[in-house]
file model.tsv (TSV, N, CA and C atoms)
chain	number	residue	atom	x	y	z
A	1	MET	N	1.03	-15.84	-80.94
A	1	MET	CA	0.45	-17.12	-81.20
A	1	MET	C	0.49	-17.39	-82.70
A	2	THR	N	0.31	-18.64	-83.07
A	2	THR	CA	0.50	-19.05	-84.46
A	2	THR	C	-0.77	-19.62	-85.06
A	3	ILE	N	-1.07	-19.20	-86.29
A	3	ILE	CA	-2.13	-19.81	-87.08
A	3	ILE	C	-1.45	-20.69	-88.12
A	4	LEU	N	-1.83	-21.97	-88.16
A	4	LEU	CA	-1.29	-22.91	-89.16
A	4	LEU	C	-2.31	-23.12	-90.27
A	5	PHE	N	-1.84	-22.99	-91.50
A	5	PHE	CA	-2.69	-23.23	-92.67
A	5	PHE	C	-2.31	-24.59	-93.24
A	6	LEU	N	-3.27	-25.50	-93.33
A	6	LEU	CA	-2.99	-26.85	-93.80
A	6	LEU	C	-3.67	-27.12	-95.13
A	7	GLY	N	-3.07	-28.01	-95.92
A	7	GLY	CA	-3.64	-28.43	-97.19
A	7	GLY	C	-3.88	-27.26	-98.13
A	8	PRO	N	-5.04	-27.26	-98.81
A	8	PRO	CA	-5.33	-26.20	-99.78
A	8	PRO	C	-5.41	-24.81	-99.17
A	9	LEU	N	-5.67	-24.74	-97.87
A	9	LEU	CA	-5.71	-23.43	-97.21
A	9	LEU	C	-4.32	-22.81	-97.19
A	10	ARG	N	-3.29	-23.64	-97.13
A	10	ARG	CA	-1.91	-23.14	-97.18
A	10	ARG	C	-1.66	-22.48	-98.54
A	11	ASP	N	-2.16	-23.11	-99.60
A	11	ASP	CA	-1.99	-22.53	-100.94
A	11	ASP	C	-2.72	-21.19	-101.05
A	12	LEU	N	-3.93	-21.13	-100.49
A	12	LEU	CA	-4.69	-19.88	-100.52
A	12	LEU	C	-3.98	-18.77	-99.75
A	13	ALA	N	-3.43	-19.14	-98.60
A	13	ALA	CA	-2.77	-18.15	-97.73
A	13	ALA	C	-1.41	-17.73	-98.30
A	14	GLY	N	-0.79	-18.63	-99.07
A	14	GLY	CA	0.54	-18.35	-99.58
A	14	GLY	C	1.62	-18.50	-98.53
A	15	GLU	N	1.27	-19.13	-97.41
A	15	GLU	CA	2.23	-19.37	-96.33
A	15	GLU	C	1.72	-20.52	-95.47
A	16	GLN	N	2.63	-21.13	-94.74
A	16	GLN	CA	2.24	-22.27	-93.91
A	16	GLN	C	1.75	-21.82	-92.54
A	17	GLU	N	2.30	-20.73	-92.05
A	17	GLU	CA	1.87	-20.24	-90.74
A	17	GLU	C	1.98	-18.73	-90.68
A	18	ARG	N	1.24	-18.16	-89.73
A	18	ARG	CA	1.23	-16.71	-89.56
A	18	ARG	C	1.18	-16.42	-88.07
A	19	GLU	N	2.03	-15.52	-87.63
A	19	GLU	CA	2.05	-15.09	-86.23
A	19	GLU	C	1.08	-13.93	-86.07
A	20	VAL	N	0.22	-14.02	-85.06
A	20	VAL	CA	-0.73	-12.95	-84.78
A	20	VAL	C	-0.74	-12.68	-83.27
A	21	ALA	N	-1.28	-11.53	-82.92
A	21	ALA	CA	-1.33	-11.15	-81.51
A	21	ALA	C	-2.44	-11.93	-80.79
A	22	ALA	N	-2.18	-12.28	-79.55
A	22	ALA	CA	-3.17	-12.96	-78.71
A	22	ALA	C	-3.82	-11.91	-77.83
A	23	PRO	N	-4.99	-12.18	-77.28
A	23	PRO	CA	-5.83	-13.37	-77.48
A	23	PRO	C	-6.53	-13.31	-78.84
A	24	LEU	N	-7.05	-14.46	-79.26
A	24	LEU	CA	-7.70	-14.54	-80.56
A	24	LEU	C	-9.02	-15.29	-80.41
A	25	ASP	N	-10.10	-14.65	-80.86
A	25	ASP	CA	-11.40	-15.31	-80.87
A	25	ASP	C	-11.83	-15.52	-82.32
A	26	TRP	N	-13.05	-16.00	-82.53
A	26	TRP	CA	-13.53	-16.32	-83.88
A	26	TRP	C	-13.47	-15.10	-84.80
A	27	GLU	N	-13.99	-13.97	-84.34
A	27	GLU	CA	-13.99	-12.75	-85.17
A	27	GLU	C	-12.56	-12.30	-85.49
A	28	GLY	N	-11.70	-12.39	-84.48
A	28	GLY	CA	-10.30	-12.02	-84.68
A	28	GLY	C	-9.62	-12.94	-85.68
A	29	LEU	N	-9.95	-14.22	-85.63
A	29	LEU	CA	-9.38	-15.18	-86.57
A	29	LEU	C	-9.79	-14.83	-87.99
A	30	LEU	N	-11.07	-14.57	-88.21
A	30	LEU	CA	-11.55	-14.22	-89.55
A	30	LEU	C	-10.84	-12.97	-90.07
A	31	GLU	N	-10.63	-12.00	-89.18
A	31	GLU	CA	-9.93	-10.79	-89.56
A	31	GLU	C	-8.46	-11.07	-89.90
A	32	ALA	N	-7.83	-11.93	-89.10
A	32	ALA	CA	-6.40	-12.21	-89.26
A	32	ALA	C	-6.08	-12.98	-90.54
A	33	VAL	N	-7.01	-13.81	-91.01
A	33	VAL	CA	-6.71	-14.65	-92.17
A	33	VAL	C	-7.09	-14.02	-93.50
A	34	GLY	N	-7.89	-12.96	-93.48
A	34	GLY	CA	-8.29	-12.30	-94.72
A	34	GLY	C	-9.56	-12.90	-95.30
A	35	PRO	N	-10.19	-12.17	-96.23
A	35	PRO	CA	-11.51	-12.54	-96.73
A	35	PRO	C	-11.59	-13.89	-97.44
A	36	GLU	N	-10.58	-14.24	-98.20
A	36	GLU	CA	-10.64	-15.49	-98.97
A	36	GLU	C	-10.65	-16.72	-98.05
A	37	ILE	N	-9.79	-16.72	-97.05
A	37	ILE	CA	-9.74	-17.85	-96.12
A	37	ILE	C	-10.90	-17.78	-95.14
A	38	ALA	N	-11.31	-16.57	-94.75
A	38	ALA	CA	-12.48	-16.43	-93.87
A	38	ALA	C	-13.71	-17.06	-94.52
A	39	GLU	N	-13.83	-16.90	-95.83
A	39	GLU	CA	-14.96	-17.51	-96.55
A	39	GLU	C	-14.89	-19.03	-96.44
A	40	GLN	N	-13.70	-19.60	-96.57
A	40	GLN	CA	-13.52	-21.04	-96.44
A	40	GLN	C	-13.86	-21.51	-95.02
A	41	LEU	N	-13.46	-20.71	-94.02
A	41	LEU	CA	-13.73	-21.08	-92.63
A	41	LEU	C	-15.22	-21.08	-92.32
A	42	GLY	N	-15.98	-20.32	-93.10
A	42	GLY	CA	-17.43	-20.31	-92.92
A	42	GLY	C	-18.08	-21.63	-93.32
A	43	GLU	N	-17.37	-22.41	-94.13
A	43	GLU	CA	-17.88	-23.72	-94.55
A	43	GLU	C	-17.89	-24.67	-93.35
A	44	GLU	N	-18.95	-25.43	-93.22
A	44	GLU	CA	-19.07	-26.35	-92.09
A	44	GLU	C	-18.01	-27.45	-92.13
A	45	ARG	N	-17.56	-27.80	-93.33
A	45	ARG	CA	-16.60	-28.91	-93.46
A	45	ARG	C	-15.16	-28.52	-93.12
A	46	VAL	N	-14.90	-27.25	-92.91
A	46	VAL	CA	-13.56	-26.80	-92.52
A	46	VAL	C	-13.53	-26.67	-91.00
A	47	ASN	N	-12.59	-27.37	-90.36
A	47	ASN	CA	-12.50	-27.36	-88.90
A	47	ASN	C	-11.37	-26.48	-88.40
A	48	VAL	N	-11.46	-26.13	-87.13
A	48	VAL	CA	-10.44	-25.34	-86.46
A	48	VAL	C	-10.00	-26.12	-85.22
A	49	ALA	N	-8.69	-26.24	-85.05
A	49	ALA	CA	-8.15	-26.88	-83.84
A	49	ALA	C	-7.36	-25.84	-83.06
A	50	CYS	N	-7.46	-25.93	-81.75
A	50	CYS	CA	-6.70	-25.04	-80.87
A	50	CYS	C	-6.03	-25.91	-79.81
A	51	LYS	N	-4.75	-25.71	-79.62
A	51	LYS	CA	-3.97	-26.49	-78.65
A	51	LYS	C	-4.08	-27.99	-78.95
A	52	GLY	N	-4.16	-28.35	-80.23
A	52	GLY	CA	-4.16	-29.75	-80.62
A	52	GLY	C	-5.51	-30.44	-80.56
A	53	LYS	N	-6.56	-29.70	-80.23
A	53	LYS	CA	-7.89	-30.32	-80.17
A	53	LYS	C	-8.84	-29.62	-81.14
A	54	VAL	N	-9.54	-30.43	-81.94
A	54	VAL	CA	-10.52	-29.88	-82.86
A	54	VAL	C	-11.71	-29.37	-82.05
A	55	LEU	N	-12.12	-28.15	-82.35
A	55	LEU	CA	-13.23	-27.54	-81.63
A	55	LEU	C	-14.56	-28.06	-82.15
A	56	ALA	N	-15.44	-28.45	-81.24
A	56	ALA	CA	-16.78	-28.91	-81.64
A	56	ALA	C	-17.54	-27.77	-82.31
A	57	ASP	N	-17.35	-26.56	-81.81
A	57	ASP	CA	-17.94	-25.36	-82.43
A	57	ASP	C	-16.81	-24.35	-82.59
A	58	LYS	N	-16.34	-24.20	-83.82
A	58	LYS	CA	-15.18	-23.34	-84.06
A	58	LYS	C	-15.42	-21.89	-83.67
A	59	ARG	N	-16.69	-21.49	-83.58
A	59	ARG	CA	-17.00	-20.11	-83.20
A	59	ARG	C	-16.72	-19.84	-81.72
A	60	THR	N	-16.42	-20.90	-80.96
A	60	THR	CA	-16.08	-20.72	-79.54
A	60	THR	C	-14.58	-20.54	-79.34
A	61	LEU	N	-13.84	-20.39	-80.42
A	61	LEU	CA	-12.38	-20.25	-80.34
A	61	LEU	C	-11.97	-19.17	-79.33
A	62	HIS	N	-11.05	-19.54	-78.47
A	62	HIS	CA	-10.41	-18.58	-77.57
A	62	HIS	C	-8.97	-19.03	-77.39
A	63	ALA	N	-8.09	-18.45	-78.21
A	63	ALA	CA	-6.67	-18.81	-78.16
A	63	ALA	C	-5.90	-17.73	-77.41
A	64	GLU	N	-4.92	-18.19	-76.64
A	64	GLU	CA	-4.11	-17.28	-75.85
A	64	GLU	C	-2.67	-17.29	-76.33
A	65	ASP	N	-1.87	-16.43	-75.75
A	65	ASP	CA	-0.46	-16.33	-76.12
A	65	ASP	C	0.21	-17.70	-76.03
A	66	GLY	N	0.93	-18.09	-77.07
A	66	GLY	CA	1.63	-19.36	-77.09
A	66	GLY	C	0.82	-20.50	-77.68
A	67	ASP	N	-0.47	-20.28	-77.89
A	67	ASP	CA	-1.32	-21.32	-78.47
A	67	ASP	C	-1.08	-21.43	-79.98
A	68	GLU	N	-1.47	-22.58	-80.50
A	68	GLU	CA	-1.39	-22.81	-81.93
A	68	GLU	C	-2.81	-23.12	-82.42
A	69	VAL	N	-3.24	-22.40	-83.44
A	69	VAL	CA	-4.55	-22.61	-84.04
A	69	VAL	C	-4.31	-23.18	-85.43
A	70	ALA	N	-4.87	-24.35	-85.70
A	70	ALA	CA	-4.70	-25.00	-87.01
A	70	ALA	C	-6.02	-24.96	-87.76
A	71	LEU	N	-5.94	-24.58	-89.03
A	71	LEU	CA	-7.11	-24.55	-89.90
A	71	LEU	C	-7.08	-25.82	-90.73
A	72	LEU	N	-8.09	-26.65	-90.54
A	72	LEU	CA	-8.11	-28.00	-91.12
A	72	LEU	C	-9.14	-28.11	-92.24
A	73	PRO	N	-8.65	-28.22	-93.48
A	73	PRO	CA	-9.57	-28.39	-94.59
A	73	PRO	C	-10.18	-29.78	-94.54
A	74	PRO	N	-11.26	-30.02	-95.31
A	74	PRO	CA	-11.85	-31.34	-95.32
A	74	PRO	C	-10.86	-32.39	-95.81
A	75	VAL	N	-10.93	-33.55	-95.23
A	75	VAL	CA	-10.04	-34.65	-95.62
A	75	VAL	C	-10.70	-35.40	-96.76
A	76	SER	N	-9.92	-35.61	-97.81
A	76	SER	CA	-10.47	-36.41	-98.91
A	76	SER	C	-9.75	-37.74	-98.93
A	77	GLY	N	-10.39	-38.71	-99.45
A	77	GLY	CA	-9.75	-40.02	-99.52
A	77	GLY	C	-10.71	-41.02	-100.11
A	78	GLY	N	-10.19	-42.21	-100.33
A	78	GLY	CA	-11.07	-43.19	-100.95
A	78	GLY	C	-10.95	-44.54	-100.29
call {"tool": "encode", "arguments": {"input": "model.tsv", "output": "structure tokens"}}
result
Amino acid sequence: MTILFLGPLRDLAGEQEREVAAPLDWEGLLEAVGPEIAEQLGEERVNVACKGKVLADKRTLHAEDGDEVALLPPVSGG
């Protein structure tokens, strides 16, 4: 399965995507992305999408083989 890093999270990760073993839950995600990005994911304003849908509670993440998990930084704009 694939983790997509978007916006500034991509810069932190140093890559746009990372392949990881499935299944993947919240704890597994934090482990897979490393401490710096895990800290960002702890922020309420950073969202997680799985299979194209933003999770209402990212801690309920349950991704399976073939799924795509996107890490969505806060959107800025004016």
call {"tool": "closest_residue", "arguments": {"input": "model.tsv", "among": "A:Pro23, A:Pro74, A:Pro35, A:Gly66", "to": "Val48 (chain A)", "atoms": "only C-alpha atoms"}}
result
A:Pro74
call {"tool": "residues_near_point", "arguments": {"input": "model.tsv", "point": "(-4.6, -16.9, -98.3)", "cutoff": "12 Å", "atoms": "only C-alpha atoms", "output": "list of chain:residue names"}}
result
A:Ile3, A:Leu4, A:Phe5, A:Leu6, A:Gly7, A:Pro8, A:Leu9, A:Arg10, A:Asp11, A:Leu12, A:Ala13, A:Gly14, A:Glu15, A:Gln16, A:Glu17, A:Arg18, A:Leu30, A:Glu31, A:Ala32, A:Val33, A:Gly34, A:Pro35, A:Glu36, A:Ile37, A:Ala38, A:Glu39, A:Gln40, A:Leu41, A:Leu71
call {"tool": "atom_distance", "arguments": {"input": "model.tsv", "atom1": "atom C of Glu27 (chain A)", "atom2": "atom C of Pro73 (chain A)"}}
result
19.8 Å
call {"tool": "atom_distance", "arguments": {"input": "model.tsv", "atom1": "atom C of Ala22 (chain A)", "atom2": "atom N of Arg45 (chain A)"}}
result
26.1 Å
call {"tool": "atom_distance", "arguments": {"input": "model.tsv", "atom1": "CA of Val75 (chain A)", "atom2": "CA of Ala49 (chain A)"}}
result
14.2 Å
call {"tool": "select_by_dssp", "arguments": {"input": "model.tsv", "residues": "region 2-70 of chain A", "states": "alpha helix (DSSP H)", "output": "ChimeraX atom specification"}}
result
/A:8-13,26-33,35-41
call {"tool": "residues_around", "arguments": {"input": "model.tsv", "residues": "region 52-64 of chain A", "least_positions_apart": "4", "cutoff": "10 Å", "atoms": "only C-alpha atoms", "output": "list in words"}}
result
Met1, Thr2, Ala21, Ala22, Pro23, Leu24, Asp25, Trp26, Glu27, Gly28, Leu29, Leu41, Gly42, Glu44, Val46, Asn47, Val48, Glu68, Val69, Ala70, Leu71 and Leu72 of chain A
call {"tool": "axis_aligned_box", "arguments": {"input": "model.tsv", "around": "region 57-72 of chain A", "padding_each_side": "4 Å", "output": "lines of an AutoDock Vina configuration file"}}
result
center_x = -8.2
center_y = -22.2
center_z = -84.0
size_x = 27.6
size_y = 19.8
size_z = 24.5
call {"tool": "select_by_dssp", "arguments": {"input": "model.tsv", "residues": "region 5-78 of chain A", "states": "strand (DSSP E or B)", "output": "VMD selection string"}}
result
chain A and resid 5 17 to 19 24 to 25 47 to 50 53 to 54 62 to 63 68 to 72
call {"tool": "decode", "arguments": {"input": "model.tsv", "residues": "region 6-72 of chain A", "atoms": "C-alpha atoms", "output": "tab-separated table (two decimals), in the first residue's frame"}}
result
chain	number	residue	atom	x	y	z
A	6	LEU	CA	1.39	16.22	0.22
A	7	GLY	CA	2.52	19.85	0.47
A	8	PRO	CA	5.04	20.63	3.22
A	9	LEU	CA	4.82	17.05	4.49
A	10	ARG	CA	6.43	15.95	1.21
A	11	ASP	CA	9.37	18.25	1.94
A	12	LEU	CA	9.69	16.84	5.46
A	13	ALA	CA	9.56	13.26	4.19
A	14	GLY	CA	11.97	13.95	1.34
A	15	GLU	CA	9.73	11.90	-0.97
A	16	GLN	CA	6.28	12.07	-2.49
A	17	GLU	CA	5.20	8.55	-1.61
A	18	ARG	CA	6.31	5.53	0.36
A	19	GLU	CA	5.33	1.89	-0.03
A	20	VAL	CA	4.59	0.09	3.23
A	21	ALA	CA	3.22	-3.29	4.20
A	22	ALA	CA	-0.53	-3.68	4.77
A	23	PRO	CA	-2.63	-3.67	6.85
A	24	LEU	CA	-1.94	-0.26	8.34
A	25	ASP	CA	-3.60	1.33	11.36
A	26	TRP	CA	-2.95	4.65	13.15
A	27	GLU	CA	-0.04	3.32	15.24
A	28	GLY	CA	1.48	1.63	12.20
A	29	LEU	CA	1.18	4.86	10.21
A	30	LEU	CA	3.00	6.86	12.89
A	31	GLU	CA	5.75	4.23	12.91
A	32	ALA	CA	5.99	4.13	9.11
A	33	VAL	CA	6.38	7.90	8.64
A	34	GLY	CA	8.99	8.53	11.34
A	35	PRO	CA	9.01	10.88	14.34
A	36	GLU	CA	9.07	14.23	12.52
A	37	ILE	CA	5.99	13.53	10.39
A	38	ALA	CA	4.28	11.62	13.22
A	39	GLU	CA	4.52	14.83	15.26
A	40	GLN	CA	2.81	16.74	12.43
A	41	LEU	CA	0.08	14.09	12.20
A	42	GLY	CA	-0.65	14.65	15.87
A	43	GLU	CA	-1.80	18.17	14.98
A	44	GLU	CA	-5.57	18.42	14.65
A	45	ARG	CA	-5.27	20.51	11.48
A	46	VAL	CA	-3.46	17.74	9.57
A	47	ASN	CA	-5.90	15.27	7.99
A	48	VAL	CA	-5.56	11.71	6.75
A	49	ALA	CA	-7.45	10.32	3.76
A	50	CYS	CA	-7.82	6.64	2.94
A	51	LYS	CA	-9.21	5.37	-0.36
A	52	GLY	CA	-9.93	8.97	-1.39
A	53	LYS	CA	-12.01	9.89	1.66
A	54	VAL	CA	-10.88	12.15	4.49
A	55	LEU	CA	-11.31	10.34	7.80
A	56	ALA	CA	-13.50	12.08	10.38
A	57	ASP	CA	-11.20	10.58	13.04
A	58	LYS	CA	-7.78	9.77	11.62
A	59	ARG	CA	-7.07	7.46	14.55
A	60	THR	CA	-9.63	5.03	13.07
A	61	LEU	CA	-7.38	4.43	10.04
A	62	HIS	CA	-7.52	0.89	8.71
A	63	ALA	CA	-5.84	0.59	5.33
A	64	GLU	CA	-5.52	-2.67	3.44
A	65	ASP	CA	-3.36	-3.95	0.61
A	66	GLY	CA	-3.77	-1.74	-2.47
A	67	ASP	CA	-5.14	1.22	-0.52
A	68	GLU	CA	-3.70	4.70	-0.73
A	69	VAL	CA	-3.32	6.81	2.41
A	70	ALA	CA	-2.80	10.54	1.83
A	71	LEU	CA	-1.44	12.88	4.48
A	72	LEU	CA	-3.11	16.25	4.02
